[in-house]
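The next block is structure15.tsv, given as TSV, C-alpha atoms.
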chain	number	residue	atom	x	y	z
J	1	MET	CA	-14.35	20.90	40.39
J	2	LYS	CA	-12.14	23.65	38.98
J	3	ALA	CA	-9.11	21.34	39.18
J	4	TYR	CA	-11.05	18.61	37.35
J	5	THR	CA	-12.15	21.08	34.66
J	6	PHE	CA	-8.55	22.28	34.31
J	7	LEU	CA	-7.36	18.68	33.93
J	8	ILE	CA	-9.93	17.94	31.21
J	9	ARG	CA	-9.15	21.16	29.35
J	10	TYR	CA	-5.37	20.67	29.37
J	11	ARG	CA	-5.21	16.88	29.58
J	12	LEU	CA	-3.27	16.40	26.32
J	13	PRO	CA	-0.47	18.97	26.93
J	14	ILE	CA	-0.17	17.69	30.53
J	15	SER	CA	0.21	14.13	29.23
J	16	ILE	CA	2.99	15.24	26.87
J	17	ILE	CA	4.83	16.96	29.74
J	18	VAL	CA	4.46	13.86	31.93
J	19	LEU	CA	5.65	11.64	29.05
J	20	LEU	CA	8.74	13.80	28.53
J	21	ALA	CA	9.41	13.64	32.26
J	22	GLY	CA	9.12	9.85	32.03
J	23	ILE	CA	11.59	9.69	29.15
J	24	PHE	CA	14.06	11.84	31.10
J	25	THR	CA	13.63	9.71	34.23
J	26	ASN	CA	14.08	6.57	32.15
J	27	TYR	CA	17.33	7.94	30.74
J	28	ALA	CA	18.61	9.10	34.14
J	29	ALA	CA	17.44	6.32	36.47
J	30	GLY	CA	16.04	3.44	34.41
J	31	PHE	CA	12.67	2.11	33.28
J	32	TRP	CA	10.99	1.23	36.59
J	33	PRO	CA	11.35	4.66	38.22
J	34	ALA	CA	9.91	6.10	34.99
J	35	PHE	CA	7.07	3.57	34.76
J	36	PRO	CA	4.52	5.54	36.91
J	37	LEU	CA	5.05	8.59	34.69
J	38	TYR	CA	4.56	6.50	31.54
J	39	LEU	CA	1.38	5.04	33.03
J	40	ILE	CA	-0.06	8.44	33.96
J	41	ALA	CA	0.75	9.81	30.49
J	42	ALA	CA	-0.89	6.80	28.83
J	43	ILE	CA	-4.06	7.19	30.94
J	44	LEU	CA	-4.29	10.90	30.14
J	45	ILE	CA	-3.79	10.37	26.40
J	46	PHE	CA	-6.30	7.49	26.33
J	47	SER	CA	-8.95	9.46	28.23
J	48	HIS	CA	-8.42	12.51	25.98
J	49	PHE	CA	-9.28	10.60	22.82
J	50	PHE	CA	-11.70	8.02	24.30
J	51	PHE	CA	-13.83	10.32	26.50
J	52	GLY	CA	-13.08	13.72	24.98
J	53	PRO	CA	-13.79	17.11	26.61
J	54	LEU	CA	-17.61	16.90	26.53
J	55	ARG	CA	-17.77	17.50	30.29
J	56	LEU	CA	-16.67	21.08	29.55
J	57	ILE	CA	-19.74	21.69	27.39
J	58	GLN	CA	-22.22	21.40	30.28
J	59	GLU	CA	-21.36	24.83	31.73
J	60	TYR	CA	-21.60	26.51	28.32
J	61	MET	CA	-24.95	24.87	27.55
J	62	GLU	CA	-26.39	25.83	30.97
J	63	ASN	CA	-25.38	29.45	30.33
J	64	GLY	CA	-26.77	29.40	26.80
J	65	ASP	CA	-23.28	30.03	25.37
J	66	MET	CA	-23.60	28.07	22.12
J	67	ASP	CA	-20.39	29.60	20.71
J	68	GLY	CA	-18.39	28.33	23.68
J	69	ALA	CA	-19.98	24.88	23.36
J	70	GLU	CA	-19.20	24.82	19.64
J	71	LYS	CA	-15.53	25.66	20.30
J	72	VAL	CA	-15.27	22.67	22.64
J	73	LEU	CA	-16.90	20.40	20.05
J	74	ASN	CA	-14.60	21.72	17.31
J	75	SER	CA	-11.59	20.89	19.49
J	76	ILE	CA	-12.41	17.18	19.03
J	77	LYS	CA	-10.34	16.28	15.97
J	78	PHE	CA	-11.00	12.52	15.93
J	79	PRO	CA	-14.65	11.92	16.97
J	80	ASN	CA	-14.56	8.33	15.70
J	81	LEU	CA	-12.15	7.50	18.55
J	82	LEU	CA	-14.70	8.54	21.18
J	83	TYR	CA	-16.47	5.90	23.25
J	84	LYS	CA	-19.68	5.04	21.36
J	85	PRO	CA	-22.26	6.58	23.78
J	86	ILE	CA	-20.12	9.73	24.04
J	87	ARG	CA	-19.78	9.85	20.25
J	88	SER	CA	-23.57	9.72	20.04
J	89	VAL	CA	-23.86	12.71	22.41
J	90	TYR	CA	-21.17	14.52	20.37
J	91	TYR	CA	-23.19	14.25	17.15
J	92	THR	CA	-26.43	15.17	18.93
J	93	LEU	CA	-24.85	18.32	20.33
J	94	LYS	CA	-23.46	19.17	16.89
J	95	GLY	CA	-27.01	18.80	15.59
J	96	ASN	CA	-28.40	21.06	18.33
J	97	ILE	CA	-25.89	23.78	17.48
J	98	ALA	CA	-26.61	23.48	13.74
J	99	MET	CA	-30.32	23.72	14.53
J	100	SER	CA	-29.77	26.90	16.57
J	101	LYS	CA	-28.11	28.37	13.47
J	102	GLN	CA	-31.08	27.38	11.29
J	103	ASP	CA	-28.79	25.00	9.36
J	104	PHE	CA	-31.45	22.29	9.17
J	105	ASP	CA	-29.67	20.00	6.69
J	106	SER	CA	-26.53	19.76	8.85
J	107	ALA	CA	-28.67	19.41	11.96
J	108	GLU	CA	-30.56	16.47	10.45
J	109	THR	CA	-27.33	14.75	9.35
J	110	MET	CA	-25.76	15.08	12.80
J	111	MET	CA	-28.92	14.03	14.65
J	112	LYS	CA	-29.23	10.91	12.50
J	113	LYS	CA	-25.62	9.97	13.23
J	114	GLY	CA	-26.31	10.31	16.95
J	115	LEU	CA	-29.48	8.21	16.77
J	116	ASP	CA	-27.80	5.54	14.63
J	117	LEU	CA	-25.11	5.12	17.30
J	118	GLY	CA	-27.75	4.73	20.02
J	119	MET	CA	-28.40	7.20	22.81
J	120	PRO	CA	-27.21	6.40	26.37
J	121	MET	CA	-30.74	6.94	27.80
J	122	LYS	CA	-34.19	6.35	26.29
J	123	GLU	CA	-35.29	9.85	27.34
J	124	ALA	CA	-32.35	11.34	25.44
J	125	GLU	CA	-33.30	9.25	22.42
J	126	GLY	CA	-36.87	10.54	22.70
J	127	ALA	CA	-35.65	14.14	22.83
J	128	SER	CA	-33.55	13.58	19.70
J	129	MET	CA	-36.52	11.99	17.95
J	130	LEU	CA	-38.61	15.03	18.85
J	131	GLN	CA	-35.98	17.35	17.38
J	132	MET	CA	-35.81	15.23	14.24
J	133	GLY	CA	-39.60	15.52	13.98
J	134	MET	CA	-39.46	19.28	14.31
J	135	LEU	CA	-36.71	19.42	11.69
J	136	ALA	CA	-38.85	17.40	9.30
J	137	MET	CA	-41.78	19.75	9.96
J	138	GLN	CA	-39.55	22.77	9.25
J	139	LYS	CA	-38.67	21.20	5.90
J	140	GLY	CA	-42.34	20.57	5.11
J	141	ASN	CA	-42.16	16.79	5.47
J	142	ILE	CA	-45.25	16.38	7.67
J	143	LYS	CA	-45.49	12.59	7.32
J	144	GLN	CA	-41.91	12.00	8.45
J	145	GLY	CA	-42.30	14.61	11.17
J	146	GLU	CA	-45.34	12.80	12.57
J	147	SER	CA	-43.47	9.49	12.52
J	148	TYR	CA	-40.52	10.90	14.47
J	149	ILE	CA	-42.72	12.68	17.04
J	150	ARG	CA	-44.80	9.55	17.67
J	151	GLN	CA	-41.57	7.61	18.22
J	152	ALA	CA	-40.38	10.34	20.60
J	153	ILE	CA	-43.55	10.01	22.69
J	154	ARG	CA	-43.21	6.21	22.77
J	155	LYS	CA	-39.53	6.36	23.78
J	156	GLY	CA	-40.26	8.85	26.56
J	157	LEU	CA	-39.14	12.45	26.95
J	158	PRO	CA	-36.89	13.95	29.64
J	159	ASP	CA	-39.36	16.48	31.10
J	160	LYS	CA	-42.87	17.93	30.93
J	161	GLU	CA	-41.78	20.81	28.69
J	162	ASN	CA	-40.62	18.38	26.00
J	163	GLU	CA	-43.76	16.30	26.44
J	164	ALA	CA	-45.95	19.38	26.00
J	165	ALA	CA	-43.99	20.39	22.87
J	166	ALA	CA	-44.44	16.91	21.40
J	167	TYR	CA	-48.20	16.83	22.12
J	168	LEU	CA	-48.64	20.32	20.66
J	169	GLN	CA	-46.85	19.29	17.48
J	170	MET	CA	-49.11	16.25	17.21
J	171	CYS	CA	-52.15	18.46	17.87
J	172	SER	CA	-51.11	20.75	15.02
J	173	ILE	CA	-50.58	17.77	12.69
J	174	MET	CA	-54.00	16.32	13.55
J	175	MET	CA	-55.64	19.71	12.95
J	176	ASN	CA	-54.07	19.87	9.48
J	177	LYS	CA	-55.29	16.34	8.79
J	178	ARG	CA	-58.76	17.38	10.04
J	179	GLU	CA	-58.68	14.62	12.66
J	180	PHE	CA	-60.26	16.90	15.23
J	181	ARG	CA	-60.93	14.37	17.98
J	182	ALA	CA	-57.27	13.34	18.01
J	183	ALA	CA	-56.24	17.01	17.90
J	184	LYS	CA	-58.33	17.74	21.01
J	185	ASP	CA	-56.88	14.74	22.80
J	186	PHE	CA	-53.29	15.85	22.13
J	187	TYR	CA	-54.19	19.40	23.18
J	188	ARG	CA	-55.52	18.15	26.53
J	189	LYS	CA	-52.36	16.11	27.06
J	190	ALA	CA	-50.17	19.14	26.29
J	191	LYS	CA	-52.17	21.31	28.71
J	192	ALA	CA	-51.99	18.64	31.42
J	193	CYS	CA	-48.17	18.90	31.35
J	194	ASN	CA	-48.51	22.43	32.79
J	195	PRO	CA	-45.60	23.81	30.73
J	196	THR	CA	-43.94	27.07	31.75
J	197	THR	CA	-41.81	27.76	28.66
J	198	PRO	CA	-43.24	31.03	27.24
J	199	GLN	CA	-43.24	29.81	23.63
J	200	ILE	CA	-45.18	26.66	24.53
J	201	VAL	CA	-47.60	28.59	26.76
J	202	ASP	CA	-48.27	31.02	23.90
J	203	GLN	CA	-48.89	28.13	21.50
J	204	LEU	CA	-51.35	26.58	23.95
J	205	LYS	CA	-53.25	29.86	24.21
J	206	GLU	CA	-53.29	30.32	20.44
J	207	ILE	CA	-54.52	26.80	19.70
J	208	GLY	CA	-57.00	27.06	22.58
J	209	LYS	CA	-58.84	29.81	20.65
J	210	TYR	CA	-59.76	27.33	17.92
J	211	ILE	CA	-59.80	23.92	19.64
J	212	THR	CA	-63.20	24.37	21.37
J	213	ARG	CA	-64.86	25.29	18.05
J	214	MET	CA	-63.75	22.10	16.35
J	215	PRO	CA	-66.21	19.27	15.79
J	216	GLY	CA	-65.59	15.87	17.29

Rewrite the structure of this file - the entire thing - as structure tokens.
Amino acid sequence: MKAYTFLIRYRLPISIIVLLAGIFTNYAAGFWPAFPLYLIAAILIFSHFFFGPLRLIQEYMENGDMDGAEKVLNSIKFPNLLYKPIRSVYYTLKGNIAMSKQDFDSAETMMKKGLDLGMPMKEAEGASMLQMGMLAMQKGNIKQGESYIRQAIRKGLPDKENEAAAYLQMCSIMMNKREFRAAKDFYRKAKACNPTTPQIVDQLKEIGKYITRMPG
């Protein structure tokens, strides 16, 4: 795994070294002895621009190192050359990082680009829709936020924590619209997910203080 990570990280300079070795071999011994080196260099260069270094981001994201993840993303100079599903993930990750910095306008722009390209999995698309809904809510656009969150629920979400977050957001929206029966229904669905994320658990407890007193 370390060798693979090393190869991804230094793929471009390695390809240049291999290409130079091919040129030297071509000069010294002819084209065919140099051909394997040319082929390896071409594959490395192609994979660098077509697939990018997104595999390196996983470790940073798992460790919560957003600065490290951002450095990897910023190393991609030509995102339009990335394979379409990978380009979609690239923009989504850019949106996530912008969101963590409270830069909601940039986050929305990047998320939209990712969604427009199409996500590789429906669950990933649902998660992006949920984030777009939360962004809209942050900006005070409740109607758009509700639309995105409903779409997220329909598309499917990757885990119970995301499902609970979506249902809680819908519960809050229904409470504001004074649609108390719907609010209670979404609250029950959120609780049934048995979330463990402290923030979501706290929200459930807080809303639970008022939900039983609501009519409907």

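Using only C-alpha atoms for every distance, the candidate list J:Met66, J:Cys171, J:Ile86, J:Leu37 yields J:Cys171 as the residue closest to Lys189 of chain J.
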
Within 10 Å of segment 137-152 of chain J, counting only C-alpha atoms, which residues show up once you throw out same-chain ones fewer than 2 positions away? Write them as number ranges by chain, please. J: 102, 104-105, 122-135, 154-157, 162-163, 165-167, 169-170, 173-174, 176

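The interatomic distance for the pair atom CA of Pro215 of chain J and atom CA of Thr197 of chain J works out to 28.9 Å.
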
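Across the structure, atom CA of Leu7 of chain J and atom CA of Lys113 of chain J are spaced 28.9 Å apart.
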
Using all atoms listed in the file, give me every residue within 12 Å of (-18.9, 26.2, 25.9) in file coordinates, as an MDAnalysis selection string. chainID J and resid 9 53:75 93 97

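Among J:Ser88, J:Asn96, J:Ser106, J:Gln203, the residue with the shortest atom-to-atom distance to Pro120 of chain J, counting only C-alpha atoms, is J:Ser88.
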
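Proximity of J:Met214, J:Ala34, J:Met111, J:Ala136 to Arg178 of chain J, computed with only C-alpha atoms, is greatest for J:Met214.
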
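When all atoms listed in the file are used to measure the gap to Ser15 of chain J, the shortest distance among J:Tyr187, J:Phe51, J:Tyr210, J:Tyr38 belongs to J:Tyr38.
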
Measuring between all atoms listed in the file, which one of J:Lys101, J:Lys184, J:Phe24, J:Leu19 shows the shortest distance to Leu39 of chain J? J:Leu19

How far is it from atom CA of Asp103 of chain J to atom CA of Tyr91 of chain J, in Å with one decimal? 14.4 Å
